[in-house]
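Below is query_18.cif, holding mmCIF, C-alpha atoms.
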data_upload
#
loop_
_atom_site.label_atom_id
_atom_site.label_comp_id
_atom_site.auth_asym_id
_atom_site.auth_seq_id
_atom_site.Cartn_x
_atom_site.Cartn_y
_atom_site.Cartn_z
CA MET A 1 -23.36 -55.76 27.73
CA VAL A 2 -20.83 -55.70 30.56
CA GLN A 3 -17.95 -55.97 28.07
CA LEU A 4 -19.37 -53.03 26.08
CA LYS A 5 -19.51 -50.86 29.23
CA LYS A 6 -15.93 -51.76 30.08
CA LYS A 7 -14.83 -50.90 26.55
CA LEU A 8 -16.55 -47.50 26.65
CA SER A 9 -15.20 -46.69 30.08
CA GLY A 10 -11.70 -47.59 28.86
CA GLN A 11 -12.04 -45.19 25.89
CA MET A 12 -13.33 -42.37 28.13
CA ARG A 13 -10.68 -42.90 30.77
CA VAL A 14 -9.20 -39.53 31.66
CA LYS A 15 -5.53 -39.12 30.87
CA SER A 16 -3.42 -36.94 33.09
CA ILE A 17 -0.17 -35.13 32.49
CA PRO A 18 2.26 -33.84 35.10
CA PRO A 19 2.21 -30.15 35.93
CA PHE A 20 4.51 -28.00 33.83
CA ALA A 21 7.86 -26.63 34.88
CA GLY A 22 7.77 -23.83 37.39
CA SER A 23 4.74 -24.99 39.37
CA GLY A 24 6.66 -27.08 41.92
CA ASP A 25 7.01 -24.25 44.43
CA LEU A 26 3.33 -23.37 44.33
CA PRO A 27 0.56 -24.76 46.59
CA GLU A 28 -1.36 -27.82 45.58
CA THR A 29 -3.49 -27.42 42.45
CA ASP A 30 -7.23 -26.97 42.95
CA VAL A 31 -8.61 -27.03 39.42
CA TYR A 32 -8.26 -29.16 36.30
CA VAL A 33 -8.23 -27.87 32.74
CA ILE A 34 -9.90 -30.49 30.56
CA ALA A 35 -8.40 -30.62 27.05
CA SER A 36 -9.23 -32.69 23.99
CA GLY A 37 -8.96 -36.44 24.48
CA GLY A 38 -9.85 -36.15 28.14
CA VAL A 39 -6.43 -34.86 29.15
CA ARG A 40 -6.44 -33.25 32.61
CA ILE A 41 -4.02 -30.40 33.21
CA PRO A 42 -3.72 -29.46 36.91
CA ALA A 43 -3.65 -25.73 37.61
CA HIS A 44 -4.26 -23.11 40.28
CA SER A 45 -7.61 -21.33 40.11
CA LYS A 46 -6.24 -18.02 41.49
CA ILE A 47 -3.56 -17.81 38.79
CA LEU A 48 -6.02 -18.63 36.03
CA ALA A 49 -8.55 -16.11 37.38
CA SER A 50 -5.97 -13.34 37.68
CA ALA A 51 -4.74 -13.92 34.11
CA SER A 52 -8.11 -14.08 32.33
CA PRO A 53 -11.49 -12.49 33.20
CA VAL A 54 -13.23 -15.25 31.25
CA LEU A 55 -11.55 -17.98 33.30
CA GLU A 56 -12.39 -16.02 36.45
CA ASN A 57 -16.12 -16.17 35.61
CA ILE A 58 -15.92 -19.91 34.85
CA ILE A 59 -14.16 -20.64 38.14
CA GLU A 60 -16.61 -18.49 40.14
CA LYS A 61 -19.55 -20.36 38.61
CA SER A 62 -18.03 -23.71 39.59
CA GLN A 63 -17.52 -22.41 43.15
CA ARG A 64 -21.14 -21.31 43.43
CA HIS A 65 -22.29 -24.77 42.40
CA ARG A 66 -20.02 -26.25 45.11
CA SER A 67 -18.85 -29.04 42.88
CA THR A 68 -16.40 -31.49 44.44
CA GLU A 69 -13.94 -31.19 41.55
CA ARG A 70 -13.57 -27.94 39.67
CA LYS A 71 -13.02 -28.28 35.93
CA VAL A 72 -12.37 -25.78 33.13
CA PRO A 73 -13.04 -27.25 29.66
CA MET A 74 -10.77 -26.11 26.79
CA LEU A 75 -11.84 -28.30 23.93
CA GLY A 76 -11.47 -27.99 20.17
CA VAL A 77 -7.69 -27.61 20.08
CA PRO A 78 -4.84 -30.11 20.67
CA TYR A 79 -4.10 -30.70 24.34
CA ASP A 80 -0.44 -29.77 23.76
CA ALA A 81 -1.58 -26.32 22.64
CA VAL A 82 -3.71 -26.03 25.79
CA ALA A 83 -0.68 -26.95 27.89
CA VAL A 84 1.38 -24.21 26.19
CA PHE A 85 -1.49 -21.78 26.78
CA ILE A 86 -1.65 -22.60 30.50
CA GLN A 87 2.12 -22.28 30.71
CA PHE A 88 1.85 -18.76 29.24
CA LEU A 89 -0.75 -17.83 31.87
CA TYR A 90 1.78 -18.74 34.55
CA SER A 91 5.01 -17.38 33.08
CA SER A 92 4.00 -14.98 30.26
CA ARG A 93 6.49 -16.86 28.09
CA CYS A 94 6.14 -18.75 24.86
CA SER A 95 8.99 -20.01 22.67
CA GLU A 96 9.24 -19.40 18.93
CA GLU A 97 9.08 -23.13 18.36
CA GLN A 98 5.78 -23.32 20.26
CA LEU A 99 4.40 -20.36 18.31
CA GLU A 100 5.38 -21.97 15.03
CA LYS A 101 3.73 -25.27 15.99
CA TYR A 102 0.58 -24.04 17.75
CA GLY A 103 0.24 -20.44 16.52
CA ILE A 104 -3.30 -20.73 15.14
CA HIS A 105 -4.56 -22.63 18.21
CA LEU A 106 -2.94 -20.18 20.62
CA LEU A 107 -4.49 -17.28 18.70
CA ALA A 108 -7.93 -18.85 19.15
CA LEU A 109 -7.37 -19.48 22.87
CA SER A 110 -5.97 -16.00 23.52
CA HIS A 111 -8.96 -14.44 21.76
CA VAL A 112 -11.57 -16.55 23.58
CA TYR A 113 -10.03 -16.06 27.03
CA LEU A 114 -8.99 -12.41 26.47
CA ILE A 115 -5.19 -12.63 26.77
CA PRO A 116 -4.10 -9.61 24.64
CA GLN A 117 -0.36 -10.08 25.17
CA LEU A 118 -0.41 -13.63 23.79
CA LYS A 119 -2.80 -12.63 21.02
CA GLN A 120 -0.41 -9.91 19.87
CA ARG A 121 2.50 -12.36 19.80
CA CYS A 122 0.47 -14.93 17.89
CA THR A 123 -0.66 -12.32 15.37
CA LYS A 124 2.89 -11.18 14.68
CA GLY A 125 4.22 -14.74 14.55
CA LEU A 126 1.55 -15.93 12.13
CA ALA A 127 2.07 -12.85 9.94
CA LYS A 128 5.73 -13.84 9.54
CA ARG A 129 4.92 -17.47 8.73
CA VAL A 130 1.87 -17.12 6.47
CA THR A 131 2.38 -18.83 3.11
CA VAL A 132 0.39 -19.69 0.01
CA GLU A 133 -0.40 -23.09 1.49
CA ASN A 134 -1.75 -21.93 4.87
CA VAL A 135 -3.08 -18.46 4.05
CA VAL A 136 -6.70 -19.64 3.79
CA ASP A 137 -6.59 -21.21 7.27
CA VAL A 138 -4.85 -18.17 8.74
CA ILE A 139 -7.26 -15.63 7.22
CA GLN A 140 -10.25 -17.59 8.51
CA MET A 141 -8.80 -17.57 12.02
CA ALA A 142 -7.83 -13.89 11.76
CA ARG A 143 -11.41 -13.07 10.77
CA LEU A 144 -12.91 -15.09 13.61
CA CYS A 145 -10.47 -13.75 16.21
CA ASP A 146 -10.70 -10.08 15.20
CA ALA A 147 -7.04 -9.71 14.17
CA PRO A 148 -7.15 -6.91 11.54
CA ASP A 149 -3.39 -6.67 10.95
CA LEU A 150 -3.11 -10.39 10.28
CA TYR A 151 -6.26 -10.29 8.15
CA LEU A 152 -4.82 -7.49 5.98
CA LYS A 153 -1.50 -9.34 5.65
CA CYS A 154 -3.34 -12.43 4.39
CA MET A 155 -5.46 -10.36 2.02
CA LYS A 156 -2.38 -8.81 0.43
CA LEU A 157 -0.73 -12.21 0.03
CA LEU A 158 -3.91 -13.57 -1.56
CA SER A 159 -4.11 -10.60 -3.90
CA ASN A 160 -0.50 -10.97 -5.04
CA ASN A 161 -0.60 -14.80 -5.37
CA TYR A 162 -4.21 -15.51 -6.26
CA LYS A 163 -3.47 -18.05 -9.00
CA ALA A 164 -1.26 -20.12 -6.69
CA VAL A 165 -3.73 -19.94 -3.79
CA GLU A 166 -6.63 -20.87 -6.07
CA ALA A 167 -4.99 -24.25 -6.73
CA THR A 168 -4.70 -25.20 -3.03
CA GLU A 169 -7.06 -27.51 -1.15
CA GLY A 170 -7.73 -24.76 1.37
CA TRP A 171 -9.23 -22.49 -1.29
CA LYS A 172 -11.47 -25.30 -2.57
CA PHE A 173 -12.66 -25.90 1.00
CA LEU A 174 -13.31 -22.18 1.40
CA GLN A 175 -15.42 -22.08 -1.77
CA ASN A 176 -17.62 -24.91 -0.51
CA HIS A 177 -17.99 -23.83 3.13
CA ASP A 178 -17.46 -20.06 3.44
CA PRO A 179 -18.76 -18.20 0.35
CA HIS A 180 -18.99 -14.90 2.27
CA LEU A 181 -15.25 -14.88 2.98
CA GLU A 182 -14.58 -15.85 -0.63
CA LEU A 183 -16.61 -12.83 -1.75
CA GLU A 184 -14.67 -10.54 0.63
CA ILE A 185 -11.37 -11.80 -0.79
CA LEU A 186 -12.49 -11.34 -4.42
CA GLN A 187 -13.75 -7.82 -3.66
CA PHE A 188 -10.42 -6.95 -1.99
CA ILE A 189 -8.50 -8.26 -5.02
CA ASP A 190 -10.70 -6.22 -7.37
CA GLU A 191 -10.20 -3.06 -5.31
CA ALA A 192 -6.44 -3.67 -5.15
CA GLU A 193 -6.27 -4.06 -8.94
CA SER A 194 -8.32 -0.89 -9.41
CA GLU A 195 -5.97 0.99 -7.08
CA LYS A 196 -2.95 -0.30 -9.02
CA ARG A 197 -4.48 0.86 -12.31
CA ALA A 198 -5.30 4.26 -10.82
CA ARG A 199 -1.77 4.59 -9.44
CA ARG A 200 -0.26 3.72 -12.84
CA HIS A 201 -2.57 6.24 -14.49
CA ARG A 202 -1.52 8.98 -12.05
CA GLU A 203 2.15 8.19 -12.63
CA GLU A 204 1.66 8.29 -16.40
CA GLN A 205 -0.18 11.60 -16.19
CA ARG A 206 2.59 13.02 -14.02
CA LEU A 207 5.14 11.93 -16.64
CA TYR A 208 3.15 13.52 -19.46
CA VAL A 209 2.86 16.77 -17.50
CA GLN A 210 6.62 16.76 -16.91
CA LEU A 211 7.25 16.23 -20.62
CA SER A 212 4.84 19.07 -21.41
CA GLU A 213 6.74 21.37 -19.04
CA ALA A 214 10.01 20.24 -20.64
CA MET A 215 8.65 21.25 -24.05
CA ASP A 216 7.71 24.71 -22.74
CA CYS A 217 11.15 25.13 -21.15
CA LEU A 218 12.89 24.01 -24.35
CA GLU A 219 11.01 26.62 -26.40
CA HIS A 220 11.66 29.23 -23.71
CA ILE A 221 15.42 28.55 -23.63
CA CYS A 222 15.86 28.43 -27.40
CA SER A 223 13.80 31.58 -28.09
CA GLU A 224 14.35 33.84 -25.07
CA GLY A 225 17.23 32.32 -23.13
CA CYS A 226 17.38 31.51 -19.44
CA THR A 227 20.29 32.16 -17.08
CA THR A 228 23.43 31.13 -19.06
CA VAL A 229 21.85 29.21 -21.95
CA GLY A 230 20.06 30.80 -24.89
CA PRO A 231 19.98 31.29 -28.68
CA TYR A 232 23.28 31.52 -30.55
CA ASP A 233 22.61 35.11 -31.66
CA MET A 234 21.96 36.38 -28.14
CA ASP A 235 24.62 38.04 -26.02
CA PRO A 236 25.32 35.80 -22.98
CA SER A 237 25.47 38.89 -20.77
CA LYS A 238 21.84 39.66 -21.70
CA HIS A 239 20.50 36.25 -20.78
CA LYS A 240 17.55 36.39 -18.43
CA GLY A 241 17.53 35.22 -14.87
CA PRO A 242 15.91 32.01 -13.63
CA CYS A 243 12.32 31.52 -14.79
CA SER A 244 9.33 30.35 -12.77
CA LYS A 245 9.98 26.73 -13.81
CA TYR A 246 13.67 26.85 -12.99
CA SER A 247 13.80 23.29 -11.58
CA THR A 248 12.73 21.83 -14.94
CA CYS A 249 14.46 24.52 -16.96
CA HIS A 250 17.78 23.96 -15.20
CA GLY A 251 17.72 20.25 -16.08
CA ILE A 252 17.05 21.06 -19.76
CA GLN A 253 19.93 23.55 -19.72
CA LEU A 254 22.32 20.91 -18.39
CA LEU A 255 21.21 18.50 -21.12
CA ILE A 256 21.72 21.16 -23.81
CA LYS A 257 25.21 21.98 -22.53
CA HIS A 258 26.13 18.30 -22.47
CA PHE A 259 24.65 17.71 -25.92
CA GLY A 260 26.76 20.54 -27.35
CA THR A 261 30.05 19.21 -25.97
CA CYS A 262 29.60 15.41 -25.83
CA GLU A 263 31.87 13.43 -28.17
CA LYS A 264 29.92 10.14 -27.96
CA LYS A 265 26.58 11.57 -29.14
CA VAL A 266 23.73 9.19 -29.86
CA ASN A 267 25.65 6.79 -32.09
CA GLY A 268 28.26 6.38 -29.41
CA GLY A 269 25.67 5.25 -26.86
CA CYS A 270 25.42 8.35 -24.65
CA SER A 271 22.15 8.07 -22.72
CA ARG A 272 21.95 11.82 -21.97
CA CYS A 273 22.37 12.67 -25.65
CA LYS A 274 19.67 10.15 -26.55
CA ARG A 275 17.36 11.84 -24.05
CA MET A 276 18.05 15.26 -25.60
CA TRP A 277 17.53 13.82 -29.08
CA GLN A 278 14.13 12.45 -28.03
CA LEU A 279 13.14 15.83 -26.58
CA PHE A 280 14.01 17.53 -29.89
CA ARG A 281 11.96 14.92 -31.76
CA LEU A 282 9.02 15.26 -29.36
CA HIS A 283 9.07 19.03 -29.73
CA SER A 284 9.07 18.72 -33.52
CA SER A 285 6.05 16.37 -33.37
CA ILE A 286 4.13 18.94 -31.29
CA CYS A 287 5.33 22.19 -32.88
CA ASP A 288 3.04 23.74 -35.51
CA GLN A 289 5.41 26.56 -36.50
CA SER A 290 8.46 24.68 -37.71
CA ASP A 291 9.38 27.37 -40.27
CA GLU A 292 9.73 30.04 -37.59
CA CYS A 293 10.70 27.81 -34.66
CA ARG A 294 14.09 28.47 -33.10
CA VAL A 295 14.44 25.07 -31.44
CA PRO A 296 17.30 23.14 -33.10
CA LEU A 297 16.44 20.31 -35.50
CA CYS A 298 12.71 21.09 -35.41
CA ARG A 299 12.34 21.44 -39.17
CA GLN A 300 14.65 18.50 -39.89
CA PHE A 301 12.57 16.18 -37.72
CA LYS A 302 9.40 17.44 -39.43
CA LEU A 303 10.79 16.61 -42.88
CA LYS A 304 11.98 13.21 -41.74
CA ALA A 305 8.59 12.45 -40.20
CA GLN A 306 6.88 13.35 -43.50
CA GLN A 307 9.24 11.05 -45.39
CA ASP A 308 8.71 8.18 -42.94
CA ARG A 309 4.91 8.33 -42.79
CA ARG A 310 4.70 4.76 -43.95
CA VAL A 311 6.48 3.60 -40.80
CA ASN A 312 3.86 2.53 -38.26
CA ASP A 313 5.17 3.97 -34.97
CA SER A 314 1.93 3.83 -33.01
CA ARG A 315 3.63 4.07 -29.59
CA TRP A 316 5.33 7.34 -30.51
CA ARG A 317 2.12 8.84 -31.88
CA LEU A 318 0.31 7.81 -28.67
CA LEU A 319 3.01 9.52 -26.60
CA VAL A 320 2.66 12.72 -28.66
CA ARG A 321 -1.13 12.72 -28.18
CA LYS A 322 -0.78 12.20 -24.41
CA VAL A 323 1.71 15.05 -24.06
CA VAL A 324 -0.46 17.40 -26.16
CA ARG A 325 -3.46 16.52 -24.01
CA ALA A 326 -1.49 17.14 -20.81
CA LYS A 327 -0.33 20.48 -22.20
CA THR A 328 -3.91 21.46 -23.02
CA PHE A 329 -5.19 20.46 -19.59
CA SER A 330 -2.35 22.35 -17.94
CA SER A 331 -3.24 25.49 -19.91
CA LEU A 332 -6.92 25.13 -19.03
CA SER A 333 -6.18 24.68 -15.33
CA LEU A 334 -3.92 27.75 -15.38
CA PHE A 335 -6.63 29.77 -17.10
CA LYS A 336 -9.18 28.56 -14.55
CA ARG A 337 -6.93 29.56 -11.63
CA MET A 338 -6.47 33.01 -13.17
CA ARG A 339 -10.23 33.45 -13.50
CA VAL A 340 -10.73 32.43 -9.88
CA GLU A 341 -7.96 34.67 -8.56
CA GLU A 342 -8.85 37.72 -10.70
CA PRO A 343 -12.04 38.76 -8.76
CA ARG A 344 -10.15 38.32 -5.50
CA MET A 345 -7.34 40.57 -6.70
CA VAL A 346 -9.84 43.17 -7.95
CA GLY A 347 -11.62 43.08 -4.59
CA MET A 348 -8.35 43.56 -2.75
CA TYR A 349 -7.51 46.48 -5.07
CA ARG A 350 -10.89 48.17 -4.50
CA GLN A 351 -10.62 47.65 -0.76
CA GLY A 352 -7.20 49.26 -0.83
CA VAL A 353 -8.56 52.26 -2.80
CA ARG A 354 -11.42 52.71 -0.34
CA SER A 355 -9.10 52.58 2.62
CA PHE A 356 -6.72 55.15 1.06
CA PRO A 357 -7.35 58.60 2.67
CA LEU A 358 -8.83 61.12 0.25
CA ALA A 359 -7.53 64.63 0.00
CA PRO A 360 -9.70 67.54 1.30
CA ARG A 361 -12.02 69.23 -1.23
CA SER A 362 -10.00 72.42 -0.99
CA MET A 363 -6.89 70.57 -2.12
CA GLN A 364 -8.80 68.71 -4.88
CA ARG A 365 -9.78 72.05 -6.41
#
Can you dump the structure from the file as structure tokens?
Amino acid sequence: MVQLKKKLSGQMRVKSIPPFAGSGDLPETDVYVIASGGVRIPAHSKILASASPVLENIIEKSQRHRSTERKVPMLGVPYDAVAVFIQFLYSSRCSEEQLEKYGIHLLALSHVYLIPQLKQRCTKGLAKRVTVENVVDVIQMARLCDAPDLYLKCMKLLSNNYKAVEATEGWKFLQNHDPHLELEILQFIDEAESEKRARRHREEQRLYVQLSEAMDCLEHICSEGCTTVGPYDMDPSKHKGPCSKYSTCHGIQLLIKHFGTCEKKVNGGCSRCKRMWQLFRLHSSICDQSDECRVPLCRQFKLKAQQDRRVNDSRWRLLVRKVVRAKTFSSLSLFKRMRVEEPRMVGMYRQGVRSFPLAPRSMQR
């Protein structure tokens, strides 16, 4: 029995470490920080209390109880991390090497004891060092310590590398012990994928609208003319000025000018000529008046398309349908805007008539 007591007392014997650098010029320490393993870190109660309101309350409670030896427990993290934490309370300094080694532990300590400066540094440091292997541990700590920036960083990494993270031991542990966080992660990934699909859809719709406007400008240039480009039988001096869609129209004009003078053409590998060729083909696929159309090559492309009906070009047909739909929607939205603006214009006109001074009756006769 005596041997057992000696053995237990030997295991519970308190270790002590020397005070850290920079504390030699200070008065004698009056409090001990108790870390894991029974390690005692000597410190000064006034410095701890001035650095953290939580530590101030703990020290005041120990003073009210008039205990012979004041102690502040900091358990649950390695004692080396506690020593680095106490050093930061004294000097407001922490090396990159210490952050890399004890970043998660220092984040927990800075959150519990309300040290915002250290918490900010830990959050930024962990955000730089988060990987597929440690992202599960980091996101759990970010969630517990209310670090939204770090939490979002981890969520994005999980969303972009879900398959790799799913194979880690950390993810398996998360599935067994924290199903609520797992559900949050899966919901975030689903929302991110939905946003990506919506963004791709908006970009595709914007492209189809641009192609629809290009078709309108092509017909406008080849039938009426715009600035310096127009039909071959039109006098260049009678060309019209810039149209309402001049930004798009100007680009089409430059392509037409290049197409008319380029020596490489499509067979030579000219990308601009290929683009113009595709616009002519797209117009021909949409145009329903090829016999009267003044756009070059419209009828030729129609005949070729009729001859090549057996060729299964589903992607091209899908593109044509999308552009036609965008053109229809654009026309409907324009018509809707006109209907909305028409009553307002009529009201402004009537108000202007009412406000116009009428002539005297003698003059009206």
Which residues of range 71-101 of chain A come within 9 Å of range 106-123 of chain A, and for each one, what is the closest pair of atoms and their distance in Å to one decimal, counting only C-alpha atoms, sorted by chain and residue number, as a tab-separated table?
residue	atom	partner	partner_atom	distance
A:Met74	CA	A:Leu109	CA	8.4
A:Val77	CA	A:Leu109	CA	8.6
A:Ala81	CA	A:Leu106	CA	6.6
A:Val82	CA	A:Leu106	CA	7.8
A:Val84	CA	A:Leu106	CA	8.1
A:Phe85	CA	A:Leu106	CA	6.5
A:Phe88	CA	A:Leu118	CA	7.8
A:Leu89	CA	A:Ile115	CA	8.5
A:Ser92	CA	A:Leu118	CA	7.9
A:Arg93	CA	A:Leu118	CA	8.7
A:Cys94	CA	A:Leu118	CA	8.4
A:Leu99	CA	A:Cys122	CA	6.7
Query - Residue nearest Gln205 in chain A among A:Leu319, A:Ala35, A:Leu26, A:Ile41 (counting all atoms listed in the file) - result: A:Leu319
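Note that CA of Pro53 in chain A and CA of Val138 in chain A are 26.0 Å apart.
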**Report entry** Hits of the PyMOL selection byres ((chain A and resi 143-158) around 7) in this structure, as JSON, numbers by chain
**Finding:** {"A": [108, 111, 123, 127, 135, 139, 140, 141, 142, 159, 160, 161, 162, 165, 185]}
Query raised in the report: Interatomic distance between CA of Gly37 in chain A and CA of Arg70 in chain A?
Result: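 So the answer is 18.0 Å.
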Query raised in the report: So what do you get for CA of Tyr79 in chain A versus CA of Thr29 in chain A, distance-wise?
Result: 18.4 Å
Query raised in the report: Written as a PyMOL selection string, what is the full residue list that the PyMOL selection byres ((chain A and resi 221) around 9) yields on the file shown?
Result: chain A and resi 216-220+222-227+229-231+249+252-253+295
